[in-house]
Structures are given as structure tokens and as C-alpha cells.
Amino acid sequence: QVQLVESGGGLVQAGGSLRLSCAASGSTFTINAMGWYRQAPGAQRELVAVISSGGSTNYANSVKGRFTISRDNAKNTVYLQMNSLKPEDTAVYYCNADTNIKRTYWGQGTQVTVSS
């Protein structure tokens with residue numbers, strides 16, 4: 001089992017920045033890629049960014065150049081630095097961990113609200 005706990009969400013004005021953190025515990029040795037997804041009201045959950053165990057990254061086109069995902073394997077923590085935030089970035093952000101035992105885990109989500 002892997003437990004994921006997100007933190008760092010909140011309310012920010014357009015153009016501002018937030019940093020999300022996701023701390024993993026439990027069977028962290030099974031984790032391969034980690035990522036961030038988001039879900040806005042009435043919309044489907046979508047990928048924001050993902051980082052492999054080796055540090056390779058991939059971003060949604062809508063956040064490229066504004067968001068940066070990083071990972072501290074020693075702390076079993078993944079971060080999402082979000083700059084130049086837009087109202088359309090408003091959503092619940094979820095941390096995700098894919099494991100080498102073919103199980104996927106999710107955090108409880110953290111609300112990000114960007115006011116115009």
C-alpha cells in the first residue's frame with residue numbers, strides 16, 4: 001500500500017504562484033512514475049504533469065512553460081511549482097503514483113482557486 005498526502009493548495013490571484021507537495025509513505029519502493037492530475041467542476045480529471053523515477057517529465061500543453069514538476073526520491077515527495085496561474089487552472093489537484101506492482105494510488109486532492 002502507498003499513501004499520498006497533498007498540501008499547498010489555496011486561493012491566489014491570476015498571475016500568482018503556488019507550490020503543491022505530495023508526500024508518499026508506505027511501500028514507496030514500489031513507486032515508478034508520479035504525477036499531478038486536476039479536475040475542474042463538471043469536467044473530467046486530466047493529466048497536468050508526470051515525472052518518472054529517472055526524472056523524465058511530461059506536461060499537458062495547457063501548462064507547459066508555467067508549471068514545473070520535480071521529485072525528491074530521498075523524501076518520497078513530488079512537487080508541482082505553478083507560476084503565472086490563470087483562472088482556468090482552478091481545480092482540485094490530485095497526486096498520483098504508479099507502481100511496479102500494477103497498482104495506482106491517488107491522494108485526497110487539494111483545491112487550487114485562481115481569482116481573476
# chains A, B, ... in the order shown; residues from 1 in each chain; ligands from 1
call {"tool": "residues_around", "arguments": {"residues": "segment 25-40 of chain A", "least_positions_apart": "2", "cutoff": "6 Å", "atoms": "only C-alpha atoms", "output": "MDAnalysis selection string"}}
result
chainID A and resid 1:3 43:53 91:100
call {"tool": "residues_around", "arguments": {"residues": "segment 12-18 of chain A", "least_positions_apart": "5", "cutoff": "12 Å", "atoms": "only C-alpha atoms", "output": "PDB file with N, CA and C atoms, in the first residue's frame"}}
result
ATOM      1  N   SER A   7      -0.448  18.799  -0.203  1.00  0.00           N
ATOM      2  CA  SER A   7      -0.553  20.058   0.537  1.00  0.00           C
ATOM      3  C   SER A   7      -0.158  21.192  -0.388  1.00  0.00           C
ATOM      4  N   ARG A  66       4.732  27.062 -17.706  1.00  0.00           N
ATOM      5  CA  ARG A  66       4.232  27.721 -16.493  1.00  0.00           C
ATOM      6  C   ARG A  66       4.390  26.830 -15.259  1.00  0.00           C
ATOM      7  N   PHE A  67       4.222  25.542 -15.429  1.00  0.00           N
ATOM      8  CA  PHE A  67       4.293  24.596 -14.311  1.00  0.00           C
ATOM      9  C   PHE A  67       5.573  23.772 -14.425  1.00  0.00           C
ATOM     10  N   THR A  68       6.116  23.397 -13.269  1.00  0.00           N
ATOM     11  CA  THR A  68       7.290  22.536 -13.231  1.00  0.00           C
ATOM     12  C   THR A  68       7.070  21.442 -12.197  1.00  0.00           C
ATOM     13  N   TYR A  79       6.681  17.489  -6.254  1.00  0.00           N
ATOM     14  CA  TYR A  79       6.252  18.874  -6.163  1.00  0.00           C
ATOM     15  C   TYR A  79       5.684  19.339  -7.510  1.00  0.00           C
ATOM     16  N   LEU A  80       4.822  20.331  -7.429  1.00  0.00           N
ATOM     17  CA  LEU A  80       4.341  20.997  -8.639  1.00  0.00           C
ATOM     18  C   LEU A  80       4.426  22.498  -8.391  1.00  0.00           C
ATOM     19  N   GLN A  81       5.388  23.132  -9.031  1.00  0.00           N
ATOM     20  CA  GLN A  81       5.512  24.582  -8.960  1.00  0.00           C
ATOM     21  C   GLN A  81       4.644  25.177 -10.062  1.00  0.00           C
ATOM     22  N   MET A  82       3.693  26.001  -9.665  1.00  0.00           N
ATOM     23  CA  MET A  82       2.748  26.582 -10.621  1.00  0.00           C
ATOM     24  C   MET A  82       2.930  28.097 -10.634  1.00  0.00           C
ATOM     25  N   ASN A  83       3.369  28.602 -11.774  1.00  0.00           N
ATOM     26  CA  ASN A  83       3.567  30.045 -11.955  1.00  0.00           C
ATOM     27  C   ASN A  83       2.590  30.589 -12.990  1.00  0.00           C
ATOM     28  N   SER A  84       2.445  31.886 -13.005  1.00  0.00           N
ATOM     29  CA  SER A  84       1.564  32.554 -13.982  1.00  0.00           C
ATOM     30  C   SER A  84       0.189  31.890 -14.016  1.00  0.00           C
ATOM     31  N   LEU A  85      -0.368  31.684 -12.859  1.00  0.00           N
ATOM     32  CA  LEU A  85      -1.648  30.973 -12.763  1.00  0.00           C
ATOM     33  C   LEU A  85      -2.772  31.759 -13.421  1.00  0.00           C
ATOM     34  N   LYS A  86      -3.688  30.992 -14.019  1.00  0.00           N
ATOM     35  CA  LYS A  86      -4.840  31.556 -14.712  1.00  0.00           C
ATOM     36  C   LYS A  86      -6.121  31.038 -14.052  1.00  0.00           C
ATOM     37  N   PRO A  87      -7.213  31.782 -14.200  1.00  0.00           N
ATOM     38  CA  PRO A  87      -8.483  31.289 -13.627  1.00  0.00           C
ATOM     39  C   PRO A  87      -8.843  29.883 -14.113  1.00  0.00           C
ATOM     40  N   GLU A  88      -8.474  29.556 -15.329  1.00  0.00           N
ATOM     41  CA  GLU A  88      -8.793  28.225 -15.848  1.00  0.00           C
ATOM     42  C   GLU A  88      -7.959  27.115 -15.219  1.00  0.00           C
ATOM     43  N   ASP A  89      -6.995  27.476 -14.390  1.00  0.00           N
ATOM     44  CA  ASP A  89      -6.243  26.472 -13.628  1.00  0.00           C
ATOM     45  C   ASP A  89      -6.985  26.056 -12.361  1.00  0.00           C
ATOM     46  N   THR A  90      -8.089  26.725 -12.067  1.00  0.00           N
ATOM     47  CA  THR A  90      -8.877  26.392 -10.877  1.00  0.00           C
ATOM     48  C   THR A  90      -9.403  24.968 -10.975  1.00  0.00           C
ATOM     49  N   TYR A  93      -6.589  19.436  -7.377  1.00  0.00           N
ATOM     50  CA  TYR A  93      -5.377  18.803  -7.887  1.00  0.00           C
ATOM     51  C   TYR A  93      -5.100  17.527  -7.091  1.00  0.00           C
ATOM     52  N   THR A 110      -6.251  18.487  -3.405  1.00  0.00           N
ATOM     53  CA  THR A 110      -6.114  19.799  -2.778  1.00  0.00           C
ATOM     54  C   THR A 110      -6.681  20.849  -3.736  1.00  0.00           C
ATOM     55  N   GLN A 111      -7.462  21.765  -3.196  1.00  0.00           N
ATOM     56  CA  GLN A 111      -8.152  22.760  -4.009  1.00  0.00           C
ATOM     57  C   GLN A 111      -7.212  23.904  -4.373  1.00  0.00           C
ATOM     58  N   VAL A 112      -7.196  24.238  -5.642  1.00  0.00           N
ATOM     59  CA  VAL A 112      -6.491  25.423  -6.138  1.00  0.00           C
ATOM     60  C   VAL A 112      -7.531  26.328  -6.791  1.00  0.00           C
ATOM     61  N   THR A 113      -7.619  27.550  -6.301  1.00  0.00           N
ATOM     62  CA  THR A 113      -8.563  28.515  -6.847  1.00  0.00           C
ATOM     63  C   THR A 113      -7.812  29.762  -7.287  1.00  0.00           C
ATOM     64  N   VAL A 114      -7.979  30.136  -8.546  1.00  0.00           N
ATOM     65  CA  VAL A 114      -7.308  31.305  -9.099  1.00  0.00           C
ATOM     66  C   VAL A 114      -8.370  32.344  -9.441  1.00  0.00           C
ATOM     67  N   SER A 115      -8.288  33.474  -8.774  1.00  0.00           N
ATOM     68  CA  SER A 115      -9.271  34.537  -9.000  1.00  0.00           C
ATOM     69  C   SER A 115      -8.783  35.492 -10.092  1.00  0.00           C
ATOM     70  N   SER A 116      -9.728  36.030 -10.829  1.00  0.00           N
ATOM     71  CA  SER A 116      -9.370  36.949 -11.928  1.00  0.00           C
ATOM     72  C   SER A 116      -9.290  38.387 -11.460  1.00  0.00           C
TER      73      SER A 116
END
call {"tool": "select_by_dssp", "arguments": {"residues": "segment 19-87 of chain A", "states": "strand (DSSP E or B)", "output": "count of residues only"}}
result
38
call {"tool": "atom_distance", "arguments": {"atom1": "atom CA of Ala60 of chain A", "atom2": "atom CA of Leu20 of chain A"}}
result
16.6 Å
call {"tool": "closest_residue", "arguments": {"among": "A:Ala24, A:Gly9, A:Pro41, A:Gly109", "to": "Ala74 of chain A", "atoms": "only C-alpha atoms"}}
result
A:Ala24
call {"tool": "atom_distance", "arguments": {"atom1": "atom CA of Ser21 of chain A", "atom2": "atom CA of Val5 of chain A"}}
result
8.1 Å
call {"tool": "atom_distance", "arguments": {"atom1": "atom CA of Thr57 of chain A", "atom2": "atom CA of Cys22 of chain A"}}
result
16.3 Å
